[in-house]
Amino acid sequence: MSDQVEEREESCRIEMSETRRWREEIPGIVEALVRSCDGDDAFDHVGPEPISSRESIIRILSMGRRLLFPGYFIPDRLDRINLGYYFGQLATAFFEALSEQITLAVRHDCVRYDRPCSKCRDRGQEAAVAFMRELPRLRLSLGKDVRAAYDGDPAAGGFDEIIFSYPGLFAITVYRIAHELDHLGIPLVPRIMTEHAHSRTGIDIHPSAHIGESFFMDHGTGVVIGATSKIGDRVRIYQGVTLGALSLPKDAVGGLRNRKRHPTIEDDVIIYSGATILGGGTVIGTRSVIGGNVWITESVPPDTRVFTKRPELVVRRPGES
Amino acid sequence: MSDQVEEREESCRIEMSETRRWREEIPGIVEALVRSCDGDDAFDHVGPEPISSRESIIRILSMGRRLLFPGYFIPDRLDRINLGYYFGQLATAFFEALSEQITLAVRHDCVRYDRPCSKCRDRGQEAAVAFMRELPRLRLSLGKDVRAAYDGDPAAGGFDEIIFSYPGLFAITVYRIAHELDHLGIPLVPRIMTEHAHSRTGIDIHPSAHIGESFFMDHGTGVVIGATSKIGDRVRIYQGVTLGALSLPKDAVGGLRNRKRHPTIEDDVIIYSGATILGGGTVIGTRSVIGGNVWITESVPPDTRVFTKRPELVVRRPGES
Amino acid sequence: MSDQVEEREESCRIEMSETRRWREEIPGIVEALVRSCDGDDAFDHVGPEPISSRESIIRILSMGRRLLFPGYFIPDRLDRINLGYYFGQLATAFFEALSEQITLAVRHDCVRYDRPCSKCRDRGQEAAVAFMRELPRLRLSLGKDVRAAYDGDPAAGGFDEIIFSYPGLFAITVYRIAHELDHLGIPLVPRIMTEHAHSRTGIDIHPSAHIGESFFMDHGTGVVIGATSKIGDRVRIYQGVTLGALSLPKDAVGGLRNRKRHPTIEDDVIIYSGATILGGGTVIGTRSVIGGNVWITESVPPDTRVFTKRPELVVRRPGES
């Protein structure tokens with residue numbers, strides 16, 4: 001055993017002199033990387049304009065959550081005395097960060113795609129203020145989403161459990177923020193927000209989708225809600241539900257970018273896990289129930305239950321093939 | 001082009017004077033936010049009691065993981081000499097943080113819902129100690145889960161790969177911690193823990209579920225294990241498997257909160273990807289195999305293979321419609 | 001109400017003296033934890049060799065992303081003047097971190113499993129340089145993946161939106177890095193990388209899989225691509241698609257570790273959401289389209305559309321059972 005140790009020590013001495021050899025390769029690699037930015041085949045952002053910061057946008061979402069659910073995500077105690085200071089300080093920081101990111105996103109479009117100047121910084125602040133005026137309304141809306149979660153989930157221990165921990169509530173909170181910004185015509189930022197929520201929760205909601213009040217996603221992993229979906233009030237969906245577009249041939253994508261491609265779900269609908277509902281003309285009528293794993297490409301009238309005739313199960317006992 | 005630049009500079013000067021205008025909107029927004037905390041329609045935590053900290057609970061899980069798998073998640077070397085110091089320092093920090101969060105959760109219930117005083121701090125420390133006494137047993141249990149992963153996954157390079165990187169192992173580690181706390185009657189904290197694991201892994205296990213030894217989830221994304229599920233030993237499940245409750249009408253949720261609603265899976269069962277097993281009375285018998293995408297709402301005897309008669313595939317060659 | 005407050009204060013005084021009692025349990029717990037490291041039933045890493053750091057590996061991925069998409073994930077402005085400094089500093093830091101982690105992974109195998117010395121540090125640096133020489137090629141490859149995403153997704157607002165926010169692009173970026181390291185024969189590190197991406201995106205790609213150019217995963221949550229899969233060029237897949245292995249009896253896992261178990265997907269194939277394709281001999285022919293939720297265990301010829309004969313939907317109007 002000690003021969004092996006000696007051998008290894010000898011190897012280590014040899015390694016030391018070779019170390020310098022490998023490091024000397026780095027300058028050549030750096031030059032190759034610089035050259036790789038010359039063409040257009042790879043993507044880089046090299047130029048005079050600053051770019052959006054995904055990190056800042058994630059921080060904006062964190063502040064937004066603390067504005068929408070005051071007291072829940074901070075270490076300090078909040079009471080009637082310091083509530084005004086809390087909101088004042090948080091709202092100011094939120095305004096600074098959000099207007100900055102909106103400005104960057106708008107200016108980014110402005111410089112890179114040769115559009116006329118849109119007074120970017122003014123736009124950024126105007127939009128940030130317009131968004132923040134909606135915060136009280138968003139608080140009420142999210143209050144309804146919390147109650148919908150409690151009403152729809154026997155496993156919910158209480159409202160606080162839902163607010164603290166339900167990924168579905170995080171996803172709908174981010175969606176409602178992003179949707180408001182999308183509605184104000186802000187580019188890029190809304191999608192970065194919802195894809196962050198997608199990463200955190202497995203729930204993929206496009207910011208352009210329209211979702212009504214009292215919306216609850218139970219479990220949620222794998223839910224996909226497409227950009228032109230329209231969902232009514234008091235709708236409940238389960239994990240793996242897709243509101244998607246009908247299949248499209250590879251060369252047809254361009255013409256589809258602005259058409260309604262995703263379904264409409266009316267009020268009081270329940271959609272069970274794994275159901276797939278496709279098509280811009282597909283309407284699920286009010287108070288209908290869609291069973292698990294159902295595949296739907298045509299409209300369903302109101303007050304209707306739809307489930308699949310379950311595939312016959314094949315059951316084999318021991319000895320049977 | 002230079003006219004455009006001049007024009008943009010002129011616009012920028014105009015913007016500067018408008019900046020102050022938008023910022024002046026903030027105080028009005030702050031007042032509206034303070035007022036929004038008056039009613040009960042939105043959710044806020046404004047009051048004398050401190051509240052649970054999700055951030056602290058996530059840190060507790062990180063420390064717990066380092067207690068359960070010593071040496072794996074630290075930058076420093078661990079050996080026989082410093083192993084005692086390692087555990088001593090980590091266990092003390094863990095005790096402080098965990099007893100604090102349990103105390104907050106218990107006190108939170110105490111003040112807000114008008115229950116009698118439960119000597120919250122004492123309860124917090126008692127429960128933290130009771131939990132920590134189980135750590136050696138949890139280490140053995142997780143050892144079996146690691147081996148089950150190695151035995152069940154041809155792609156596993158070794159035990160270390162599983163411990164370092166398998167999301168399924170992270171999810172079962174968090175579940176076993178949370179389940180122990182749930183068993184001790186601690187509110188809120190267990191659910192925050194498992195929903196954090198859900199966010200990290202796409203695996204949604206309710207802390208009240210009962211899961212036996214040597215449990216392996218391969219791939220794992222989309223797995224849902226409901227609150228009243230009961231799983232035996234040496235069970236293997238794949239991605240997208242749901243152990244769920246039968247559908248419930250919108251107004252029936254309240255009465256269900258304490259009944260067994262989720263299935264029982266006996267020892268040595270394998271459940272393939274996408275299978276859905278529903279119902280509190282549904283029992284999957286020992287050594288049975290449930291095929292992929294199967295939908296089950298009735299019990300299955302032991303030693304039985306169940307798979308779906310696959311829907312007929314429709315195959316279209318070019319030129320066929 | 002004030003009697004209750006007095007009672008609670010009295011309880012608090014009693015609690016103080018019991019605090020010391022619970023803390024005194026900690027040394028006993030620590031001893032039990034140290035003893036739990038004696039056997040082999042639980043897993044710990046106690047010994048002379050340092051171990052891989054998952055945290056460092058995640059940081060390496062972050063740096064890698066900034067090398068592959070320069071300018072996108074940094075707060076500062078990048079231009080022709082500082083591009084060389086940017087790459088120089090980042091490439092040096094990347095080399096240090098990556099060679100360190102490769103060395104640790106290789107040495108870990110070396111010491112623990114009694115293999116002869118492989119001049120670990122030299123190997124680490126050699127492999128890091130070999131990887132970094134591929135960075136320009138990886139940039140081109142990822143450029144094609146970005147364009148494939150834009151061409152395949154009507155909801156994509158532009159290239160920047162994809163680079164900033166698409167989880168699918170993050171997953172393929174990490175896979176291409178990990179696959180290169182796997183190809184260089186590096187243990188452990190590639191799997192830690194792809195499982196990190198799995199945690200972040202819900203997309204589970206084994207680093208040993210072979211994936212061609214212009215690969216796009218839309219939505220992505222729940223995708224599983226097994227270790228011996230082979231995917232051609234210009235393939236598009238949707239959420240929940242599994243390229244998996246046929247079911248294996250519990251005792252057959254050992255013999256399977258090195259055989260092709262996962263399917264081959266040829267060029268220009270589209271696989272819609274929820275489809276499951278299993279088996280090492282299963283080939284999906286070029287230009288074929290696999291419909292949603294299809295379950296395939298046999299090969300499909302080129303230019304073929306395959307979809308399931310949808311299960312009959314059972315539709316119940318009010319009053320019908």
# chains A, B, ... in the order shown; residues from 1 in each chain; ligands from 1
$ select_by_dssp --residues "stretch 190-284 of chain C" --states "strand (DSSP E or B)" --output "JSON, numbers by chain"
{"C": [204, 205, 210, 211, 216, 217, 218, 224, 225, 230, 231, 236, 237, 238, 242, 243, 244, 264, 265, 270, 271, 276, 277, 278, 283, 284]}
$ interface_residues --of "chain C" --to "chain A" --cutoff "7 Å" --atoms "only C-alpha atoms" --output "tab-separated table (two decimals) with N, CA, C and O atoms, in the first residue's frame"
chain	number	residue	atom	x	y	z
C	69	PHE	N	-23.75	32.69	-23.94
C	69	PHE	CA	-24.63	33.79	-24.36
C	69	PHE	C	-24.08	35.09	-23.79
C	69	PHE	O	-24.65	35.66	-22.84
C	70	PRO	N	-22.95	35.58	-24.34
C	70	PRO	CA	-22.31	36.75	-23.75
C	70	PRO	C	-23.22	37.97	-23.75
C	70	PRO	O	-23.89	38.24	-24.75
C	71	GLY	N	-23.22	38.66	-22.62
C	71	GLY	CA	-23.99	39.89	-22.53
C	71	GLY	C	-25.39	39.73	-22.01
C	71	GLY	O	-26.03	40.71	-21.65
C	72	TYR	N	-25.87	38.50	-21.95
C	72	TYR	CA	-27.28	38.32	-21.59
C	72	TYR	C	-27.53	38.26	-20.10
C	72	TYR	O	-28.61	38.59	-19.65
C	73	PHE	N	-26.58	37.79	-19.32
C	73	PHE	CA	-26.89	37.51	-17.93
C	73	PHE	C	-25.96	38.26	-17.00
C	73	PHE	O	-25.60	37.78	-15.93
C	75	PRO	N	-25.04	42.34	-15.35
C	75	PRO	CA	-25.62	43.67	-15.18
C	75	PRO	C	-24.90	44.76	-15.99
C	75	PRO	O	-25.47	45.80	-16.26
C	77	ARG	N	-22.66	46.58	-19.18
C	77	ARG	CA	-22.72	46.70	-20.62
C	77	ARG	C	-21.51	46.01	-21.25
C	77	ARG	O	-20.39	46.10	-20.74
C	78	LEU	N	-21.76	45.32	-22.34
C	78	LEU	CA	-20.69	44.63	-23.05
C	78	LEU	C	-20.53	45.27	-24.42
C	78	LEU	O	-21.51	45.48	-25.12
C	79	ASP	N	-19.33	45.63	-24.80
C	79	ASP	CA	-19.13	46.16	-26.16
C	79	ASP	C	-17.80	45.67	-26.71
C	79	ASP	O	-17.07	44.92	-26.06
C	80	ARG	N	-17.49	46.10	-27.90
C	80	ARG	CA	-16.30	45.61	-28.60
C	80	ARG	C	-15.04	45.88	-27.81
C	80	ARG	O	-14.06	45.17	-27.94
C	83	LEU	N	-15.07	43.31	-24.63
C	83	LEU	CA	-15.47	41.92	-24.89
C	83	LEU	C	-14.32	40.96	-24.56
C	83	LEU	O	-14.54	39.89	-23.98
C	84	GLY	N	-13.10	41.34	-24.93
C	84	GLY	CA	-11.95	40.48	-24.66
C	84	GLY	C	-11.70	40.33	-23.16
C	84	GLY	O	-11.38	39.23	-22.68
C	87	PHE	N	-14.46	37.99	-21.68
C	87	PHE	CA	-14.20	36.57	-21.93
C	87	PHE	C	-12.97	36.10	-21.18
C	87	PHE	O	-12.92	34.99	-20.66
C	88	GLY	N	-11.94	36.95	-21.13
C	88	GLY	CA	-10.70	36.53	-20.47
C	88	GLY	C	-10.91	36.23	-19.01
C	88	GLY	O	-10.49	35.18	-18.49
C	91	ALA	N	-13.46	33.23	-18.60
C	91	ALA	CA	-12.90	31.94	-19.00
C	91	ALA	C	-11.89	31.44	-17.97
C	91	ALA	O	-11.81	30.24	-17.71
C	117	CYS	N	-4.00	5.40	-9.71
C	117	CYS	CA	-3.96	6.86	-9.78
C	117	CYS	C	-4.06	7.35	-11.22
C	117	CYS	O	-3.40	6.84	-12.11
C	119	LYS	N	-3.62	10.52	-12.13
C	119	LYS	CA	-3.10	11.90	-12.21
C	119	LYS	C	-4.26	12.87	-12.26
C	119	LYS	O	-4.42	13.63	-13.23
C	121	ARG	N	-5.37	15.68	-10.96
C	121	ARG	CA	-5.38	17.11	-11.22
C	121	ARG	C	-5.07	17.39	-12.69
C	121	ARG	O	-5.68	18.27	-13.33
C	122	ASP	N	-4.15	16.64	-13.24
C	122	ASP	CA	-3.81	16.82	-14.64
C	122	ASP	C	-5.02	16.50	-15.50
C	122	ASP	O	-5.35	17.22	-16.44
C	125	GLN	N	-7.57	19.36	-15.43
C	125	GLN	CA	-7.25	20.53	-16.24
C	125	GLN	C	-7.31	20.20	-17.73
C	125	GLN	O	-7.80	21.00	-18.54
C	126	GLU	N	-6.82	19.00	-18.07
C	126	GLU	CA	-6.88	18.58	-19.47
C	126	GLU	C	-8.32	18.56	-19.96
C	126	GLU	O	-8.65	19.06	-21.05
C	129	VAL	N	-9.82	22.09	-20.33
C	129	VAL	CA	-9.37	22.73	-21.57
C	129	VAL	C	-10.06	22.11	-22.78
C	129	VAL	O	-10.53	22.82	-23.68
C	132	MET	N	-13.44	23.50	-22.98
C	132	MET	CA	-13.54	24.91	-23.34
C	132	MET	C	-13.21	25.15	-24.82
C	132	MET	O	-13.70	26.12	-25.41
C	133	ARG	N	-12.41	24.26	-25.39
C	133	ARG	CA	-12.14	24.39	-26.84
C	133	ARG	C	-13.42	24.20	-27.64
C	133	ARG	O	-13.53	24.67	-28.78
C	136	PRO	N	-16.90	27.58	-28.72
C	136	PRO	CA	-17.43	28.23	-29.93
C	136	PRO	C	-18.41	27.34	-30.69
C	136	PRO	O	-19.45	27.81	-31.16
C	139	ARG	N	-21.67	27.36	-28.95
C	139	ARG	CA	-22.40	28.61	-29.18
C	139	ARG	C	-23.20	28.52	-30.48
C	139	ARG	O	-24.36	28.95	-30.54
C	140	LEU	N	-22.58	27.97	-31.50
C	140	LEU	CA	-23.29	27.82	-32.78
C	140	LEU	C	-24.46	26.86	-32.63
C	140	LEU	O	-25.56	27.11	-33.16
C	143	GLY	N	-27.19	28.47	-30.86
C	143	GLY	CA	-27.83	29.44	-31.75
C	143	GLY	C	-28.91	28.77	-32.58
C	143	GLY	O	-30.01	29.33	-32.77
C	151	ASP	N	-38.87	29.43	-34.41
C	151	ASP	CA	-39.63	28.90	-35.54
C	151	ASP	C	-40.77	28.01	-35.09
C	151	ASP	O	-41.78	27.88	-35.78
C	152	GLY	N	-40.61	27.37	-33.93
C	152	GLY	CA	-41.60	26.37	-33.52
C	152	GLY	C	-42.65	26.87	-32.54
C	152	GLY	O	-43.58	26.13	-32.20
C	153	ASP	N	-42.53	28.12	-32.09
C	153	ASP	CA	-43.45	28.58	-31.05
C	153	ASP	C	-44.10	29.90	-31.43
C	153	ASP	O	-43.45	30.95	-31.38
C	154	PRO	N	-45.39	29.89	-31.77
C	154	PRO	CA	-46.08	31.14	-32.12
C	154	PRO	C	-46.09	32.15	-30.99
C	154	PRO	O	-46.25	33.35	-31.23
C	155	ALA	N	-45.89	31.69	-29.74
C	155	ALA	CA	-45.96	32.62	-28.61
C	155	ALA	C	-44.63	33.32	-28.34
C	155	ALA	O	-44.55	34.16	-27.46
C	161	GLU	N	-36.40	36.99	-25.72
C	161	GLU	CA	-37.35	36.38	-24.80
C	161	GLU	C	-36.99	34.91	-24.58
C	161	GLU	O	-37.04	34.41	-23.46
C	164	PHE	N	-33.58	34.67	-22.55
C	164	PHE	CA	-33.76	35.09	-21.16
C	164	PHE	C	-34.56	34.10	-20.35
C	164	PHE	O	-34.29	33.88	-19.17
C	165	SER	N	-35.62	33.57	-20.94
C	165	SER	CA	-36.64	33.03	-20.06
C	165	SER	C	-37.11	31.61	-20.34
C	165	SER	O	-37.72	31.00	-19.48
C	166	TYR	N	-36.85	31.05	-21.53
C	166	TYR	CA	-37.43	29.74	-21.81
C	166	TYR	C	-36.72	28.65	-21.00
C	166	TYR	O	-35.52	28.41	-21.19
C	167	PRO	N	-37.45	27.97	-20.11
C	167	PRO	CA	-36.83	26.87	-19.39
C	167	PRO	C	-36.29	25.79	-20.33
C	167	PRO	O	-35.26	25.19	-20.06
C	200	ARG	N	-34.79	22.80	-11.97
C	200	ARG	CA	-35.17	24.16	-12.38
C	200	ARG	C	-36.28	24.19	-13.41
C	200	ARG	O	-37.04	25.14	-13.48
C	201	THR	N	-36.39	23.16	-14.25
C	201	THR	CA	-37.28	23.24	-15.41
C	201	THR	C	-38.32	22.14	-15.51
C	201	THR	O	-39.21	22.22	-16.34
C	202	GLY	N	-38.20	21.09	-14.71
C	202	GLY	CA	-39.08	19.94	-14.88
C	202	GLY	C	-38.71	19.08	-16.07
C	202	GLY	O	-39.44	18.15	-16.40
C	219	HIS	N	-42.87	24.30	-23.74
C	219	HIS	CA	-43.42	24.14	-22.39
C	219	HIS	C	-42.53	23.25	-21.53
C	219	HIS	O	-42.05	23.67	-20.50
C	221	THR	N	-42.40	20.92	-19.22
C	221	THR	CA	-42.56	20.28	-17.92
C	221	THR	C	-42.89	18.80	-18.09
C	221	THR	O	-43.80	18.44	-18.81
C	222	GLY	N	-42.14	17.93	-17.42
C	222	GLY	CA	-42.45	16.52	-17.46
C	222	GLY	C	-41.74	15.73	-18.54
C	222	GLY	O	-41.90	14.52	-18.63
C	311	PRO	N	-60.33	7.75	-27.14
C	311	PRO	CA	-61.37	7.00	-26.43
C	311	PRO	C	-62.69	7.73	-26.59
C	311	PRO	O	-62.73	8.96	-26.61
C	312	GLU	N	-63.72	6.97	-26.74
C	312	GLU	CA	-65.04	7.57	-26.85
C	312	GLU	C	-65.29	8.45	-25.64
C	312	GLU	O	-65.03	8.05	-24.50
C	313	LEU	N	-65.75	9.65	-25.88
C	313	LEU	CA	-66.11	10.50	-24.76
C	313	LEU	C	-67.52	10.18	-24.31
C	313	LEU	O	-68.42	10.00	-25.14
C	314	VAL	N	-67.69	10.09	-23.02
C	314	VAL	CA	-69.02	9.90	-22.47
C	314	VAL	C	-69.52	11.27	-22.03
C	314	VAL	O	-68.86	11.96	-21.27
C	315	VAL	N	-70.65	11.64	-22.54
C	315	VAL	CA	-71.15	12.99	-22.28
C	315	VAL	C	-72.47	12.89	-21.54
C	315	VAL	O	-73.40	12.21	-21.99
C	316	ARG	N	-72.54	13.54	-20.36
C	316	ARG	CA	-73.75	13.47	-19.57
C	316	ARG	C	-74.34	14.86	-19.41
C	316	ARG	O	-73.70	15.78	-18.89
C	317	ARG	N	-75.58	15.02	-19.82
C	317	ARG	CA	-76.26	16.29	-19.60
C	317	ARG	C	-76.95	16.23	-18.24
C	317	ARG	O	-77.05	15.18	-17.62
C	318	PRO	N	-77.44	17.36	-17.74
C	318	PRO	CA	-78.09	17.34	-16.41
C	318	PRO	C	-79.27	16.38	-16.40
C	318	PRO	O	-80.01	16.31	-17.38
$ residues_around --residues "A:Phe216" --least-positions-apart "4" --cutoff "6 Å" --atoms "only C-alpha atoms" --output "number ranges by chain"
A: 148-149, 236
$ select_by_dssp --residues "stretch 62-259 of chain C" --states "alpha helix (DSSP H)" --output "NGL selection string"
:C and (62-68 or 83-112 or 120-133 or 135-152 or 159-165 or 167-183 or 189-201)
$ residues_around --residues "B:Glu100" --least-positions-apart "4" --cutoff "7 Å" --atoms "only C-alpha atoms" --output "number ranges by chain"
B: 96, 104, 124
$ residues_around --residues "B:Asp145" --least-positions-apart "4" --cutoff "8 Å" --atoms "only C-alpha atoms" --output "short mmCIF file (atom, residue, chain, number, x, y, z; two decimals) with all heavy atoms, in the first residue's frame"
data_model
loop_
_atom_site.label_atom_id
_atom_site.label_comp_id
_atom_site.auth_asym_id
_atom_site.auth_seq_id
_atom_site.Cartn_x
_atom_site.Cartn_y
_atom_site.Cartn_z
N SER B 141 -33.43 4.94 7.47
CA SER B 141 -34.54 4.89 6.52
C SER B 141 -34.13 5.46 5.17
O SER B 141 -34.40 4.88 4.11
CB SER B 141 -35.72 5.68 7.12
OG SER B 141 -36.88 5.49 6.36
N ALA B 149 -33.18 3.32 -4.84
CA ALA B 149 -32.96 4.09 -6.07
C ALA B 149 -31.90 3.41 -6.93
O ALA B 149 -32.06 3.25 -8.15
CB ALA B 149 -32.53 5.53 -5.75
N LEU B 169 -34.81 11.79 -4.46
CA LEU B 169 -34.26 11.58 -3.12
C LEU B 169 -34.42 12.83 -2.27
O LEU B 169 -34.68 12.75 -1.08
CB LEU B 169 -32.78 11.17 -3.18
CG LEU B 169 -32.24 10.78 -1.80
CD1 LEU B 169 -32.83 9.47 -1.32
CD2 LEU B 169 -30.74 10.73 -1.80
N GLU B 213 -40.71 1.86 3.79
CA GLU B 213 -39.27 1.86 3.56
C GLU B 213 -38.93 1.62 2.09
O GLU B 213 -39.76 1.13 1.33
CB GLU B 213 -38.61 0.76 4.40
CG GLU B 213 -38.93 0.84 5.88
CD GLU B 213 -38.08 1.88 6.58
OE1 GLU B 213 -36.92 1.59 6.89
OE2 GLU B 213 -38.59 3.00 6.82
N SER B 214 -37.67 1.94 1.75
CA SER B 214 -37.13 1.63 0.42
C SER B 214 -38.04 2.13 -0.69
O SER B 214 -38.42 1.40 -1.61
CB SER B 214 -36.94 0.10 0.29
OG SER B 214 -36.16 -0.40 1.36
N PHE B 215 -38.38 3.39 -0.64
CA PHE B 215 -39.30 4.01 -1.60
C PHE B 215 -38.50 4.73 -2.68
O PHE B 215 -37.57 5.48 -2.38
CB PHE B 215 -40.19 5.01 -0.87
CG PHE B 215 -41.22 5.70 -1.72
CD1 PHE B 215 -42.20 4.96 -2.38
CD2 PHE B 215 -41.23 7.07 -1.86
CE1 PHE B 215 -43.16 5.58 -3.17
CE2 PHE B 215 -42.18 7.71 -2.65
CZ PHE B 215 -43.15 6.96 -3.30
N PHE B 216 -38.83 4.46 -3.95
CA PHE B 216 -38.08 5.10 -5.03
C PHE B 216 -39.01 5.73 -6.05
O PHE B 216 -39.93 5.08 -6.55
CB PHE B 216 -37.17 4.07 -5.72
CG PHE B 216 -36.44 4.62 -6.94
CD1 PHE B 216 -35.82 5.87 -6.89
CD2 PHE B 216 -36.36 3.89 -8.11
CE1 PHE B 216 -35.15 6.38 -8.00
CE2 PHE B 216 -35.69 4.40 -9.22
CZ PHE B 216 -35.08 5.63 -9.17
#
$ atom_distance --atom1 "atom CA of C:Phe94" --atom2 "atom CA of C:Tyr150"
29.5 Å
$ residues_around --residues "B:Phe131" --least-positions-apart "4" --cutoff "10 Å" --atoms "only C-alpha atoms" --output "MDAnalysis selection string"
chainID B and resid 95 98 125:127 135 138 177:178 180:181 183:184
